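So this one's structure_0.cif, mmCIF, C-alpha atoms:
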data_input
loop_
_atom_site.label_atom_id
_atom_site.label_comp_id
_atom_site.auth_asym_id
_atom_site.auth_seq_id
_atom_site.Cartn_x
_atom_site.Cartn_y
_atom_site.Cartn_z
CA GLY A 20 16.05 6.37 -6.19
CA THR A 21 16.03 9.08 -8.76
CA PHE A 22 14.02 12.30 -8.65
CA GLU A 23 11.62 10.68 -11.13
CA HIS A 24 11.07 7.74 -8.77
CA GLN A 25 10.46 10.10 -5.87
CA ASP A 26 8.01 12.13 -7.96
CA LYS A 27 6.07 9.00 -8.92
CA LEU A 28 5.92 7.80 -5.31
CA ASP A 29 4.84 11.26 -4.12
CA TYR A 30 1.96 11.26 -6.61
CA ALA A 31 0.97 7.74 -5.63
CA ALA A 32 1.02 8.62 -1.93
CA LEU A 33 -1.17 11.64 -2.52
CA PHE A 34 -3.70 10.12 -4.91
CA HIS A 35 -3.89 6.36 -4.16
CA ASP A 36 -7.10 6.66 -2.12
CA MET A 37 -8.58 9.71 -3.84
CA VAL A 38 -11.92 8.08 -4.68
CA LEU A 39 -12.52 7.20 -1.02
CA THR A 40 -14.17 10.29 0.44
CA ASP A 41 -15.18 8.87 3.81
CA ASP A 42 -12.66 8.21 6.60
CA LYS A 43 -14.32 4.91 7.51
CA LEU A 44 -13.71 3.67 3.95
CA ILE A 45 -10.07 4.82 3.95
CA GLN A 46 -9.40 2.82 7.11
CA ILE A 47 -10.21 -0.50 5.41
CA HIS A 48 -6.99 -2.29 4.44
CA SER A 49 -7.95 -5.95 4.11
CA GLN A 50 -10.65 -8.26 2.82
CA GLU A 51 -11.49 -9.20 6.41
CA GLN A 52 -12.03 -5.56 7.38
CA LEU A 53 -14.14 -5.02 4.28
CA GLU A 54 -16.35 -8.01 5.02
CA ALA A 55 -16.74 -7.00 8.68
CA ALA A 56 -17.67 -3.40 7.86
CA SER A 57 -21.33 -2.42 7.86
CA LEU A 58 -21.35 -0.89 4.41
CA SER A 59 -23.76 -0.68 1.52
CA LYS A 60 -23.03 -2.76 -1.57
CA GLU A 61 -22.01 0.43 -3.38
CA ASP A 62 -19.50 1.37 -0.68
CA LYS A 63 -18.08 -2.17 -0.57
CA ASP A 64 -17.66 -2.11 -4.35
CA LEU A 65 -16.01 1.33 -4.11
CA VAL A 66 -13.52 0.14 -1.47
CA ASN A 67 -12.86 -3.08 -3.37
CA ASN A 68 -12.14 -1.21 -6.62
CA HIS A 69 -10.72 2.08 -5.34
CA ALA A 70 -7.19 1.37 -6.58
CA LEU A 71 -8.42 0.69 -10.11
CA LEU A 72 -10.72 3.74 -10.12
CA ALA A 73 -8.03 6.07 -8.77
CA SER A 74 -5.54 4.74 -11.33
CA GLN A 75 -7.99 5.41 -14.15
CA LEU A 76 -8.49 8.99 -12.97
CA ILE A 77 -4.78 9.72 -12.53
CA ALA A 78 -4.03 8.22 -15.97
CA LYS A 79 -6.09 11.07 -17.45
CA ALA A 80 -4.17 13.77 -15.55
CA PRO A 81 -1.90 15.51 -18.06
CA ASN A 82 0.90 16.27 -15.56
CA ALA A 83 0.95 12.93 -13.75
CA PRO A 84 4.28 11.13 -14.03
CA TYR A 85 4.57 8.16 -16.35
CA GLU A 86 3.51 4.86 -14.68
CA VAL A 87 2.07 6.46 -11.52
CA ASP A 88 -1.30 5.00 -12.53
CA ILE A 89 0.26 1.52 -12.34
CA ILE A 90 1.68 2.18 -8.87
CA ILE A 91 -1.75 3.35 -7.70
CA LYS A 92 -3.54 0.42 -9.32
CA GLN A 93 -1.21 -2.10 -7.70
CA HIS A 94 -0.79 -0.47 -4.27
CA HIS A 95 -2.67 -3.26 -2.44
CA GLY A 96 -0.75 -5.99 -4.26
CA SER A 97 -3.33 -6.80 -6.94
CA LYS A 98 -2.19 -6.36 -10.53
CA ASN A 99 -5.70 -5.45 -11.72
CA GLY A 100 -6.44 -2.95 -8.92
CA SER A 101 -9.32 -4.88 -7.37
CA GLY A 102 -9.52 -6.31 -3.89
CA PHE A 103 -7.06 -7.02 -1.11
CA PRO A 104 -5.17 -10.17 -2.12
CA VAL A 105 -3.93 -12.55 0.56
CA SER A 106 -1.03 -13.51 -1.70
CA VAL A 107 0.58 -10.49 -3.32
CA ALA A 108 1.70 -10.82 -6.93
CA GLY A 109 5.46 -11.19 -7.18
CA ASP A 110 5.58 -9.51 -10.57
CA LEU A 111 4.19 -6.12 -9.58
CA ASN A 112 5.73 -3.03 -11.08
CA ARG A 113 8.97 -2.45 -9.10
CA LEU A 114 7.85 0.92 -7.71
CA ALA A 115 4.40 -0.51 -6.97
CA ALA A 116 6.07 -3.24 -4.89
CA LEU A 117 8.07 -0.59 -3.03
CA PHE A 118 4.94 1.50 -2.47
CA HIS A 119 3.03 -1.58 -1.27
CA VAL A 120 5.66 -2.46 1.34
CA ALA A 121 5.82 1.14 2.56
CA HIS A 122 2.01 1.32 2.63
CA VAL A 123 1.70 -1.80 4.77
CA TYR A 124 4.43 -0.55 7.12
CA VAL A 125 2.84 2.90 7.49
CA GLU A 126 -0.63 1.43 8.09
CA ASN A 127 0.86 -0.17 11.19
CA LEU A 128 2.58 3.06 12.27
CA LEU A 129 -0.68 4.99 12.04
CA LYS A 130 -2.49 2.68 14.43
CA ASP A 131 -3.26 4.08 17.85
CA SER A 132 -0.48 3.31 20.31
CA LYS A 133 -3.01 1.46 22.48
CA ASP A 134 -4.14 -0.77 19.60
CA PRO A 135 -3.07 -4.32 20.51
CA THR A 136 -2.43 -5.13 16.83
CA ARG A 137 0.13 -2.33 16.46
CA LYS A 138 3.64 -3.72 16.19
CA GLU A 139 7.02 -2.24 17.03
CA HIS A 140 9.47 -1.78 14.16
CA GLN A 141 11.39 -5.05 14.53
CA ASP A 142 8.21 -7.12 14.99
CA MET A 143 6.63 -5.48 11.95
CA ILE A 144 9.71 -6.22 9.83
CA PHE A 145 9.72 -9.87 10.96
CA ASP A 146 5.97 -10.15 10.32
CA MET A 147 6.30 -8.71 6.82
CA ASP A 148 9.27 -10.95 6.06
CA GLU A 149 7.17 -14.00 6.94
CA ARG A 150 4.15 -12.71 5.00
CA TYR A 151 5.91 -12.18 1.66
CA GLU A 152 7.62 -15.02 -0.18
CA GLU A 153 8.92 -13.25 -3.29
CA ASN A 154 12.52 -12.01 -3.25
CA VAL A 155 11.54 -8.57 -4.49
CA PHE A 156 9.52 -8.05 -1.30
CA LYS A 157 12.09 -9.68 0.97
CA ASN A 158 14.80 -7.33 -0.35
CA LEU A 159 12.60 -4.26 0.14
CA ILE A 160 11.65 -5.34 3.66
CA LYS A 161 15.28 -6.01 4.56
CA THR A 162 16.25 -2.55 3.30
CA LEU A 163 13.40 -0.92 5.22
CA GLY A 164 14.37 -2.77 8.37
CA TRP A 165 18.01 -1.73 8.24
CA MET A 166 17.33 1.80 7.04
CA LEU A 167 15.02 2.61 9.93
CA LEU A 168 17.17 0.82 12.52
CA GLU A 169 20.19 2.90 11.49
CA LYS A 170 18.26 6.14 12.10
CA ASN A 171 17.31 5.20 15.66
#

Starting from the file, lay out its structure as structure tokens.
Amino acid sequence: GTFEHQDKLDYAALFHDMVLTDDKLIQIHSQEQLEAASLSKEDKDLVNNHALLASQLIAKAPNAPYEVDIIIKQHHGSKNGSGFPVSVAGDLNRLAALFHVAHVYVENLLKDSKDPTRKEHQDMIFDMDERYEENVFKNLIKTLGWMLLEKN
């Protein structure tokens, strides 16, 4: 992409979880994990709405790139910034869709190598391809799959 796209994605990567100040909250990436966590109602609400809250804060930052608040709000696949949807909206902002795919892929990479749910590159690409039905996601996943295979 362009420098502007890279700048927006850099901001989103840095600030998307900025309202989550506890490592145990940052490690929650799904509704199932949220429900299984032993958290107070306040912490569950914070995790559930962190994308919306972070997007509202970054929207007030005078030097934040245009639309980075939308990327942050939609980084879990919800257009309104709340929750962890099972079915991701197919009409997300284009850069938000890209960020979402990269975020899901990197969550897997960051798992401990002994974690039985951690997948190798090809398995992760196949899993993501099955998970997402919309063409915008399928195209991004295909590009990610080929891009990373070519570097190895």

| query | Using the chain letters and numbers from the file, which residues does the PyMOL selection byres ((chain A and resi 56-62) around 12) grab, as a PyMOL selection string? | reply | chain A and resi 38-41+43-55+63-69

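Nearest to A:Met143 of all the residues A:Lys130, A:Val123, A:Met37, A:Ser101 is A:Val123, based on all atoms listed in the file.
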
| said: With 10 Å as the threshold, what does the neighbourhood of (-5.3, 2.4, -6.5) contain in terms of residues, counting all atoms listed in the file? Coordinates are those of the file; answer as a VMD selection string. | reply: chain A and resid 31 to 32 34 to 38 66 to 77 87 to 97 99 to 101

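With atom CA of A:Asn154 on one side and atom CA of A:Ala116 on the other, the separation reads 11.0 Å.
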
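Here atom CA of A:Leu159 and atom CA of A:His119 stand 10.0 Å from one another.
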
| Two-atom distance - atom CA of A:Asp42, atom CA of A:Asp26 (Å) |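 Computing the Euclidean distance for atom CA of A:Asp42 and atom CA of A:Asp26 yields 25.6 Å.
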
| request: List the residues selected by the PyMOL selection byres ((chain A and resi 148) around 12) in the file shown, writing them as a PyMOL selection string. | output: chain A and resi 120+123-124+141-147+149-164

| query | For A:Leu114, which of A:Leu167, A:Lys138, A:Glu86, A:Ser132 is the closest residue, counting all atoms listed in the file? | reply | A:Glu86

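Residue nearest A:Leu28 within the list A:Leu168, A:Leu129, A:Ala78, A:Ala121: A:Ala121 [criterion: smallest interatomic distance, only C-alpha atoms].
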
Which residues come within 6 Å of A:Lys27, counting only C-alpha atoms, excluding same-chain residues fewer than 2 positions away, as a PDB file with C-alpha atoms, keeping the file's coordinate frame?
ATOM      1  CA  HIS A  24      11.070   7.740  -8.770  1.00  0.00           C
ATOM      2  CA  GLN A  25      10.460  10.100  -5.870  1.00  0.00           C
ATOM      3  CA  ASP A  29       4.840  11.260  -4.120  1.00  0.00           C
ATOM      4  CA  TYR A  30       1.960  11.260  -6.610  1.00  0.00           C
ATOM      5  CA  PRO A  84       4.280  11.130 -14.030  1.00  0.00           C
ATOM      6  CA  VAL A  87       2.070   6.460 -11.520  1.00  0.00           C
TER       7      VAL A  87
END
